[in-house]
Amino acid sequence: MTTQISKHDIQHMIAKRVAKELKGPLTVNLGIGIPTLVAAYMEDDSIYLHTENGLLGVTDVEEPDVDPNLVNAGKLPVGEAVGASFFNSSDSFAMIRGGHVDVAILGALQVDETGVIANWAVPGKNIMGVGGAMDLLVGAKKVIVTMSHTAKDGKSKLLKECTYPITSTRSVDLIVTELAVFEVTDGKLRLAELMPGASIEDVREKTEAEFIEQ
Amino acid sequence: MTTQISKHDIQHMIAKRVAKELKGPLTVNLGIGIPTLVAAYMEDDSIYLHTENGLLGVTDVEEPDVDPNLVNAGKLPVGEAVGASFFNSSDSFAMIRGGHVDVAILGALQVDETGVIANWAVPGKNIMGVGGAMDLLVGAKKVIVTMSHTAKDGKSKLLKECTYPITSTRSVDLIVTELAVFEVTDGKLRLAELMPGASIEDVREKTEAEFIEQ
Amino acid sequence: MAKQKHSAAEALAAVKSGDVILVGGFGLVGAPLTLIDELTRKDVNGLTIVSNNLGESGKGLGILLNQNKIKKGIGSYFTSNRDVGDKYQRGEIELELLPQGTLSESIRAGGAGLGGYYTTTGVGTDLAKGKEEREIDGVRYILEKAIRADVALIRAHKADTLGNLVYYKTARNFNPLMATAAKTVIAEVDEIVEPGELDPEAVITPHLYVDAIIKAQQVLTKEGVVSR
Amino acid sequence: MAKQKHSAAEALAAVKSGDVILVGGFGLVGAPLTLIDELTRKDVNGLTIVSNNLGESGKGLGILLNQNKIKKGIGSYFTSNRDVGDKYQRGEIELELLPQGTLSESIRAGGAGLGGYYTTTGVGTDLAKGKEEREIDGVRYILEKAIRADVALIRAHKADTLGNLVYYKTARNFNPLMATAAKTVIAEVDEIVEPGELDPEAVITPHLYVDAIIKAQQVLTKEGVVSR
């Protein structure tokens, strides 16, 4: 149907779409992967990036200015904005868990049809890492999920029910894939938008979860 | 028996005796009243005074240097030592409640014969203030109580049982009055020392609590 | 943006009757005197005030008290204002007395999204009455609940225009905690500077906590409270 | 006094088999690399390590892991070291996985003398299994217990000789919390200065928390970990 586009292009298309959602002033926490790419597309000066390892005011950094002790939650080098502040991990998570971060943008392995996500563990493997995912899910005022619409095996990642362990009982607010944008309202998915090049048939075919079409 | 000495002199005698107990390095919190006077008699350079309103490194201050925004827990002007630090109230009480303050020196209205004290409320009056008393009692590694041996009506303040509401179930470690020094061990008072000019008969007569005489 | 407000009245626009209000300060030190003064002029009542003390007789929060605008006080040391006891005696105010460490920890817990916590402070005393007690690893604790509010009125030393705050000496006290635990946080400061002028390592209250800033007009000096 | 030690070995003198040890850092950033290195040379075992992660395969705490000195790991992200999973599979290590916010909050709670606290994080998930759940004011919380330790190994930027500490950028992370929650706190720093050289308003860890200080010899640079 659509011409094959690269994984790189898909990721950037999703990131660009998410960036459109962000109207400042906002404090935003970006997860690892696609969410990190969102920063490059944000156009509003009054969006402040929070990273849970202890910085409000994350910026990009160019190679000559890389500081090994200034990194984001993905352990990638970052810069600090004018007006930034540093704090310890419990103060950082107090911001998250206390509801002071406006938006969290996260990746997910699965989303169910009520907007509950699984993004930290796979059954049958040892449960080895959770990081700040559960904290962000309960604490952020708004949660946006970015992910590919289907898994490597072609199966939908938008399911009737998550088969992986859930991250929180809280429903996310928005889901952006390479095919569609879904809003979650009253525990139901609603197709808000088709992504460039995607058709409603694509979305129907590749979405196991029930969703409202308009 | 002893010649009448002034309240001022009594207070300073008690403060001086308490100061002898303090061998640095120590972090010490001084309560309001007689405890505040202890500072003047401390001779060890490595004693650091903590005040629960947010300063480690309290010093005396002379009138020209008084800063209205630099006070101790009694709201009296103080100075700051070289190497001092400021912190907020919850960090300050985390120090106290987390067991990081070595010694608290407090006043008391009553002490019972197990070393439990009452120092924050009087029955029949409205209960209006507690401040940091209960926090210091549970948290300080060592608690030293300073008080006059008897109340204004002449009755002993060292009682079989407190008639006022207790501050904590924890026994204090040392009690210093104008007549005697008592150590508290295994929930029993032991007379450790007579104060200058006091006789054992004085102490027996004015102490309702059971105590071990040697 | 535009966190900087032109007047205390503008900054207090969101305050309404029935609100729970955190007020910083340890006595007058670190108290938001300008905002308190303005609050006494505002037509609101039924307030719950969370503050270490309720001012002094006829001063600061003491004026608000005498205006009968305070329905309930939560604090650790009401003794500093004799009017509080009189009002309590007459049944005109509800009071909740907390150990000072519990007051500060509960406000922090509110800001950090916690429901409550177990502390040893107060165990076995009159202030533990009605509170759940439990043993954890052989130690007795009581459950204290988090405190959250509609509004926080705080005092800082400097703000940048983004809302980052630093404090001054022992005027810090409850203010940084209160900045985390209210829906609307209003700070009065000595000076407002440009972003970049505060050291990122030394910012105490990051700007995401702060909604409005005004310059202090009532200031504590050696000679007492002075208008400027 | 004499908090300043001449060597990492001297600083670690108090560490013994069976100890619970807090280790600062988020990956290598803010990790006390010199002290970890020395710990791998020390003849101790049966350690419980509380740290966000257990190093990388064969690096930092990863060496200690491969030496079979770690009985139990408490952290939020063991994924950074594949050896942890293998050892766990073979039943050679006990693991307790906590959300990162819970890990940091529990350490703070330990330092503050609390028994535990109620958090919404993890409610309804596999990580809530076996944990007490309760509703407070209509919200579901789980009980998390405080974490306390025998020893904390932390990384700071500067210390004064009294033991006051300041940190550097995102190398701060867990270090100031860990400084509050152990009986013995050992800090490695870039620089040791005289009292009075650190701004009292900007000290992050007041000296009462710190027992020993050494100068860092293993340092994270753009080129990786370098001995100096």
# chains A, B, ... in the order shown; residues from 1 in each chain; ligands from 1

$ residues_around --residues "stretch 101-113 of chain D" --least-positions-apart "4" --cutoff "7 Å" --atoms "only C-alpha atoms" --output "list in words"
Ser89, Ser90, Phe93, Gly132 and Asp135 of chain A; Ala94, Met95, Arg97, Gly98 and Gly99 of chain B; Gly75, Ser76, Lys145, Ala146, Ile147, Arg148, Phe174, Leu177, Met178, Thr180 and Ala181 of chain D

$ write_last_selection --atoms "C-alpha atoms" --output "PDB file, in the first residue's frame"
ATOM      1  CA  SER A  89      16.803  11.664  42.607  1.00  0.00           C
ATOM      2  CA  SER A  90      14.167  11.816  45.328  1.00  0.00           C
ATOM      3  CA  PHE A  93      10.770  11.829  41.533  1.00  0.00           C
ATOM      4  CA  GLY A 132      11.102   5.510  36.223  1.00  0.00           C
ATOM      5  CA  ASP A 135       6.526   6.701  38.522  1.00  0.00           C
TER       6      ASP A 135
ATOM      7  CA  ALA B  94      15.176  14.489  58.866  1.00  0.00           C
ATOM      8  CA  MET B  95      18.495  15.109  60.598  1.00  0.00           C
ATOM      9  CA  ARG B  97      14.356  12.164  63.404  1.00  0.00           C
ATOM     10  CA  GLY B  98      16.855  10.117  61.390  1.00  0.00           C
ATOM     11  CA  GLY B  99      19.266   9.960  64.320  1.00  0.00           C
TER      12      GLY B  99
ATOM     13  CA  GLY D  75      17.833  -1.412  42.486  1.00  0.00           C
ATOM     14  CA  SER D  76      15.619  -0.184  39.673  1.00  0.00           C
ATOM     15  CA  LYS D 145       9.463   0.351  53.568  1.00  0.00           C
ATOM     16  CA  ALA D 146      12.420   2.605  54.328  1.00  0.00           C
ATOM     17  CA  ILE D 147      15.899   1.499  53.332  1.00  0.00           C
ATOM     18  CA  ARG D 148      18.809   1.878  55.752  1.00  0.00           C
ATOM     19  CA  PHE D 174      21.226   9.306  44.483  1.00  0.00           C
ATOM     20  CA  LEU D 177      20.076  10.646  49.720  1.00  0.00           C
ATOM     21  CA  MET D 178      22.494   7.842  50.388  1.00  0.00           C
ATOM     22  CA  THR D 180      21.680  10.289  54.990  1.00  0.00           C
ATOM     23  CA  ALA D 181      20.796   6.618  55.239  1.00  0.00           C
TER      24      ALA D 181
END

$ closest_atom_pairs --of "chain D" --to "chain C" --cutoff "6 Å" --atoms "only C-alpha atoms" --output "JSON lines"
{"residue": "D:Leu114", "atom": "CA", "partner": "C:Thr119", "partner_atom": "CA", "distance": 5.0}
{"residue": "D:Gly115", "atom": "CA", "partner": "C:Tyr118", "partner_atom": "CA", "distance": 5.1}
{"residue": "D:Gly116", "atom": "CA", "partner": "C:Tyr118", "partner_atom": "CA", "distance": 5.5}
{"residue": "D:Tyr117", "atom": "CA", "partner": "C:Tyr117", "partner_atom": "CA", "distance": 4.0}
{"residue": "D:Tyr118", "atom": "CA", "partner": "C:Gly115", "partner_atom": "CA", "distance": 5.1}
{"residue": "D:Thr119", "atom": "CA", "partner": "C:Leu114", "partner_atom": "CA", "distance": 5.0}
{"residue": "D:Ala202", "atom": "CA", "partner": "C:Ala202", "partner_atom": "CA", "distance": 5.1}

$ write_last_selection --atoms "C-alpha atoms" --output "PDB file, in the first residue's frame"
ATOM      1  CA  LEU D 114      10.614   6.970  58.805  1.00  0.00           C
ATOM      2  CA  GLY D 115       9.382   3.382  58.837  1.00  0.00           C
ATOM      3  CA  GLY D 116       7.739   3.494  55.437  1.00  0.00           C
ATOM      4  CA  TYR D 117       5.318   5.447  53.297  1.00  0.00           C
ATOM      5  CA  TYR D 118       2.358   5.072  50.981  1.00  0.00           C
ATOM      6  CA  THR D 119       2.894   5.639  47.274  1.00  0.00           C
ATOM      7  CA  ALA D 202      24.524  25.857  48.435  1.00  0.00           C
TER       8      ALA D 202
END

$ residues_around --residues "A:Met134" --least-positions-apart "2" --cutoff "10 Å" --atoms "only C-alpha atoms" --output "list in words"
Arg97, Ala118, Asn119, Trp120, Val130, Gly131, Gly132, Leu136, Leu137, Val138, Gly139, Ile166, Thr167, Ser168, Thr169 and Arg170 of chain A; Leu98, Pro99, Gln100, Gly101, Thr102, Thr120, Thr121, Gly122, Val123, Thr125 and Leu127 of chain D

$ select_by_dssp --residues "stretch 9-192 of chain D" --states "strand (DSSP E or B)" --output "VMD selection string"
chain D and resid 20 to 23 26 29 47 to 50 56 59 70 to 75 77 94 to 97 116 to 119 133 to 136 139 to 145 149 to 155 158 to 160 165 to 166 182 to 189 191 to 192

$ residues_around --residues "A:Lys141" --least-positions-apart "6" --cutoff "7 Å" --atoms "only C-alpha atoms" --output "number ranges by chain"
A: 99, 101-103

$ write_last_selection --atoms "C-alpha atoms" --output "mmCIF file, in the first residue's frame"
data_model
loop_
_atom_site.group_PDB
_atom_site.id
_atom_site.type_symbol
_atom_site.label_atom_id
_atom_site.label_comp_id
_atom_site.auth_asym_id
_atom_site.auth_seq_id
_atom_site.Cartn_x
_atom_site.Cartn_y
_atom_site.Cartn_z
ATOM 1 C CA GLY A 99 2.018 15.692 39.789
ATOM 2 C CA VAL A 101 5.403 17.291 35.481
ATOM 3 C CA ASP A 102 2.847 18.242 32.853
ATOM 4 C CA VAL A 103 3.561 15.683 30.154
#

$ closest_residue --among "B:Pro165, B:Asp91, B:Asn53, B:Thr36" --to "C:Ala128" --atoms "only C-alpha atoms"
B:Pro165

$ select_by_dssp --residues "stretch 92-150 of chain B" --states "alpha helix (DSSP H)" --output "ChimeraX atom specification"
/B:92-97,133-139

$ closest_residue --among "D:Ile49, D:Val20, D:Ala179, D:Asp126" --to "A:Asn88" --atoms "only C-alpha atoms"
D:Ala179

$ residues_around --residues "stretch 10-14 of chain B" --least-positions-apart "5" --cutoff "7 Å" --atoms "only C-alpha atoms" --output "PDB file with N, CA and C atoms, in the first residue's frame"
ATOM      1  N   ILE B   5      20.849  31.581  96.058  1.00  0.00           N
ATOM      2  CA  ILE B   5      21.503  32.140  94.872  1.00  0.00           C
ATOM      3  C   ILE B   5      20.441  32.492  93.832  1.00  0.00           C
ATOM      4  N   ILE B  34      17.464  27.451  79.485  1.00  0.00           N
ATOM      5  CA  ILE B  34      18.788  27.090  79.996  1.00  0.00           C
ATOM      6  C   ILE B  34      19.668  26.463  78.905  1.00  0.00           C
ATOM      7  N   LEU B  37      21.937  28.650  77.041  1.00  0.00           N
ATOM      8  CA  LEU B  37      23.090  29.182  77.780  1.00  0.00           C
ATOM      9  C   LEU B  37      24.299  28.258  77.706  1.00  0.00           C
ATOM     10  N   THR B 146      17.745  19.800  81.244  1.00  0.00           N
ATOM     11  CA  THR B 146      18.126  20.797  82.257  1.00  0.00           C
ATOM     12  C   THR B 146      16.848  21.354  82.840  1.00  0.00           C
ATOM     13  N   VAL B 176      20.090  17.321  84.612  1.00  0.00           N
ATOM     14  CA  VAL B 176      20.921  18.224  85.414  1.00  0.00           C
ATOM     15  C   VAL B 176      20.034  19.294  86.030  1.00  0.00           C
ATOM     16  N   THR B 177      20.023  19.350  87.371  1.00  0.00           N
ATOM     17  CA  THR B 177      19.285  20.405  88.072  1.00  0.00           C
ATOM     18  C   THR B 177      20.296  21.201  88.903  1.00  0.00           C
ATOM     19  N   GLU B 178      19.795  22.161  89.671  1.00  0.00           N
ATOM     20  CA  GLU B 178      20.726  22.939  90.498  1.00  0.00           C
ATOM     21  C   GLU B 178      21.217  22.135  91.698  1.00  0.00           C
TER      22      GLU B 178
END

$ decode --residues "stretch 88-101 of chain D" --atoms "all heavy atoms" --output "PDB file, in the first residue's frame"
ATOM      1  N   TYR D  88      21.034 -14.474  38.413  1.00  0.00           N
ATOM      2  CA  TYR D  88      19.698 -14.618  39.012  1.00  0.00           C
ATOM      3  C   TYR D  88      19.080 -15.944  38.564  1.00  0.00           C
ATOM      4  O   TYR D  88      18.522 -16.690  39.361  1.00  0.00           O
ATOM      5  CB  TYR D  88      18.822 -13.450  38.593  1.00  0.00           C
ATOM      6  CG  TYR D  88      17.434 -13.468  39.179  1.00  0.00           C
ATOM      7  CD1 TYR D  88      17.254 -13.260  40.547  1.00  0.00           C
ATOM      8  CD2 TYR D  88      16.313 -13.681  38.382  1.00  0.00           C
ATOM      9  CE1 TYR D  88      15.984 -13.268  41.099  1.00  0.00           C
ATOM     10  CE2 TYR D  88      15.045 -13.682  38.928  1.00  0.00           C
ATOM     11  CZ  TYR D  88      14.885 -13.474  40.286  1.00  0.00           C
ATOM     12  OH  TYR D  88      13.629 -13.480  40.827  1.00  0.00           O
ATOM     13  N   GLN D  89      19.226 -16.204  37.264  1.00  0.00           N
ATOM     14  CA  GLN D  89      18.725 -17.453  36.673  1.00  0.00           C
ATOM     15  C   GLN D  89      19.316 -18.671  37.382  1.00  0.00           C
ATOM     16  O   GLN D  89      18.641 -19.659  37.619  1.00  0.00           O
ATOM     17  CB  GLN D  89      19.144 -17.461  35.184  1.00  0.00           C
ATOM     18  CG  GLN D  89      18.290 -18.315  34.299  1.00  0.00           C
ATOM     19  CD  GLN D  89      16.910 -17.720  34.136  1.00  0.00           C
ATOM     20  OE1 GLN D  89      16.049 -17.869  35.016  1.00  0.00           O
ATOM     21  NE2 GLN D  89      16.675 -17.053  33.029  1.00  0.00           N
ATOM     22  N   ARG D  90      20.602 -18.575  37.707  1.00  0.00           N
ATOM     23  CA  ARG D  90      21.279 -19.699  38.360  1.00  0.00           C
ATOM     24  C   ARG D  90      21.060 -19.690  39.874  1.00  0.00           C
ATOM     25  O   ARG D  90      21.636 -20.503  40.589  1.00  0.00           O
ATOM     26  CB  ARG D  90      22.786 -19.626  38.077  1.00  0.00           C
ATOM     27  CG  ARG D  90      23.150 -19.802  36.603  1.00  0.00           C
ATOM     28  CD  ARG D  90      24.620 -20.171  36.419  1.00  0.00           C
ATOM     29  NE  ARG D  90      25.531 -19.121  36.894  1.00  0.00           N
ATOM     30  CZ  ARG D  90      25.976 -18.117  36.120  1.00  0.00           C
ATOM     31  NH1 ARG D  90      25.592 -18.016  34.866  1.00  0.00           N
ATOM     32  NH2 ARG D  90      26.806 -17.234  36.603  1.00  0.00           N
ATOM     33  N   GLY D  91      20.259 -18.780  40.364  1.00  0.00           N
ATOM     34  CA  GLY D  91      19.961 -18.734  41.795  1.00  0.00           C
ATOM     35  C   GLY D  91      21.141 -18.263  42.637  1.00  0.00           C
ATOM     36  O   GLY D  91      21.225 -18.549  43.826  1.00  0.00           O
ATOM     37  N   GLU D  92      22.049 -17.515  42.015  1.00  0.00           N
ATOM     38  CA  GLU D  92      23.244 -17.085  42.752  1.00  0.00           C
ATOM     39  C   GLU D  92      23.114 -15.687  43.362  1.00  0.00           C
ATOM     40  O   GLU D  92      24.021 -15.226  44.057  1.00  0.00           O
ATOM     41  CB  GLU D  92      24.463 -17.115  41.816  1.00  0.00           C
ATOM     42  CG  GLU D  92      24.870 -18.529  41.423  1.00  0.00           C
ATOM     43  CD  GLU D  92      25.937 -18.539  40.338  1.00  0.00           C
ATOM     44  OE1 GLU D  92      26.501 -17.473  40.019  1.00  0.00           O
ATOM     45  OE2 GLU D  92      26.178 -19.617  39.794  1.00  0.00           O
ATOM     46  N   ILE D  93      22.015 -15.034  43.042  1.00  0.00           N
ATOM     47  CA  ILE D  93      21.818 -13.703  43.635  1.00  0.00           C
ATOM     48  C   ILE D  93      20.327 -13.472  43.856  1.00  0.00           C
ATOM     49  O   ILE D  93      19.484 -13.960  43.093  1.00  0.00           O
ATOM     50  CB  ILE D  93      22.423 -12.592  42.731  1.00  0.00           C
ATOM     51  CG1 ILE D  93      22.424 -11.233  43.455  1.00  0.00           C
ATOM     52  CG2 ILE D  93      21.676 -12.489  41.398  1.00  0.00           C
ATOM     53  CD1 ILE D  93      23.235 -10.160  42.742  1.00  0.00           C
ATOM     54  N   GLU D  94      20.052 -12.774  44.946  1.00  0.00           N
ATOM     55  CA  GLU D  94      18.684 -12.373  45.261  1.00  0.00           C
ATOM     56  C   GLU D  94      18.511 -10.953  44.700  1.00  0.00           C
ATOM     57  O   GLU D  94      19.453 -10.146  44.812  1.00  0.00           O
ATOM     58  CB  GLU D  94      18.593 -12.306  46.786  1.00  0.00           C
ATOM     59  CG  GLU D  94      17.337 -12.786  47.442  1.00  0.00           C
ATOM     60  CD  GLU D  94      17.500 -12.594  48.953  1.00  0.00           C
ATOM     61  OE1 GLU D  94      18.533 -13.048  49.511  1.00  0.00           O
ATOM     62  OE2 GLU D  94      16.608 -11.991  49.560  1.00  0.00           O
ATOM     63  N   LEU D  95      17.364 -10.666  44.137  1.00  0.00           N
ATOM     64  CA  LEU D  95      17.163  -9.310  43.600  1.00  0.00           C
ATOM     65  C   LEU D  95      15.865  -8.713  44.122  1.00  0.00           C
ATOM     66  O   LEU D  95      14.870  -9.424  44.286  1.00  0.00           O
ATOM     67  CB  LEU D  95      17.098  -9.347  42.071  1.00  0.00           C
ATOM     68  CG  LEU D  95      18.362  -9.710  41.306  1.00  0.00           C
ATOM     69  CD1 LEU D  95      18.082  -9.722  39.808  1.00  0.00           C
ATOM     70  CD2 LEU D  95      19.506  -8.747  41.616  1.00  0.00           C
ATOM     71  N   GLU D  96      15.895  -7.429  44.378  1.00  0.00           N
ATOM     72  CA  GLU D  96      14.665  -6.705  44.695  1.00  0.00           C
ATOM     73  C   GLU D  96      14.595  -5.521  43.744  1.00  0.00           C
ATOM     74  O   GLU D  96      15.429  -4.614  43.794  1.00  0.00           O
ATOM     75  CB  GLU D  96      14.683  -6.245  46.155  1.00  0.00           C
ATOM     76  CG  GLU D  96      13.349  -5.668  46.594  1.00  0.00           C
ATOM     77  CD  GLU D  96      13.336  -5.296  48.072  1.00  0.00           C
ATOM     78  OE1 GLU D  96      14.166  -5.835  48.839  1.00  0.00           O
ATOM     79  OE2 GLU D  96      12.502  -4.453  48.445  1.00  0.00           O
ATOM     80  N   LEU D  97      13.609  -5.586  42.852  1.00  0.00           N
ATOM     81  CA  LEU D  97      13.453  -4.533  41.851  1.00  0.00           C
ATOM     82  C   LEU D  97      12.429  -3.517  42.352  1.00  0.00           C
ATOM     83  O   LEU D  97      11.311  -3.870  42.717  1.00  0.00           O
ATOM     84  CB  LEU D  97      12.983  -5.147  40.532  1.00  0.00           C
ATOM     85  CG  LEU D  97      12.927  -4.200  39.335  1.00  0.00           C
ATOM     86  CD1 LEU D  97      14.338  -3.811  38.903  1.00  0.00           C
ATOM     87  CD2 LEU D  97      12.176  -4.840  38.172  1.00  0.00           C
ATOM     88  N   LEU D  98      12.814  -2.266  42.353  1.00  0.00           N
ATOM     89  CA  LEU D  98      11.922  -1.187  42.797  1.00  0.00           C
ATOM     90  C   LEU D  98      11.835  -0.122  41.705  1.00  0.00           C
ATOM     91  O   LEU D  98      12.834   0.155  41.029  1.00  0.00           O
ATOM     92  CB  LEU D  98      12.491  -0.525  44.062  1.00  0.00           C
ATOM     93  CG  LEU D  98      12.582  -1.383  45.315  1.00  0.00           C
ATOM     94  CD1 LEU D  98      13.330  -0.620  46.405  1.00  0.00           C
ATOM     95  CD2 LEU D  98      11.184  -1.760  45.809  1.00  0.00           C
ATOM     96  N   PRO D  99      10.674   0.497  41.566  1.00  0.00           N
ATOM     97  CA  PRO D  99      10.616   1.672  40.683  1.00  0.00           C
ATOM     98  C   PRO D  99      11.662   2.696  41.152  1.00  0.00           C
ATOM     99  O   PRO D  99      11.926   2.801  42.355  1.00  0.00           O
ATOM    100  CB  PRO D  99       9.200   2.198  40.890  1.00  0.00           C
ATOM    101  CG  PRO D  99       8.415   1.002  41.321  1.00  0.00           C
ATOM    102  CD  PRO D  99       9.369   0.192  42.154  1.00  0.00           C
ATOM    103  N   GLN D 100      12.233   3.420  40.220  1.00  0.00           N
ATOM    104  CA  GLN D 100      13.323   4.327  40.582  1.00  0.00           C
ATOM    105  C   GLN D 100      12.897   5.386  41.598  1.00  0.00           C
ATOM    106  O   GLN D 100      13.668   5.770  42.482  1.00  0.00           O
ATOM    107  CB  GLN D 100      13.874   4.992  39.319  1.00  0.00           C
ATOM    108  CG  GLN D 100      15.249   5.590  39.522  1.00  0.00           C
ATOM    109  CD  GLN D 100      15.832   6.143  38.222  1.00  0.00           C
ATOM    110  OE1 GLN D 100      16.473   7.164  38.219  1.00  0.00           O
ATOM    111  NE2 GLN D 100      15.597   5.468  37.116  1.00  0.00           N
ATOM    112  N   GLY D 101      11.657   5.844  41.469  1.00  0.00           N
ATOM    113  CA  GLY D 101      11.150   6.811  42.442  1.00  0.00           C
ATOM    114  C   GLY D 101      11.002   6.207  43.824  1.00  0.00           C
ATOM    115  O   GLY D 101      11.252   6.862  44.840  1.00  0.00           O
TER     116      GLY D 101
END
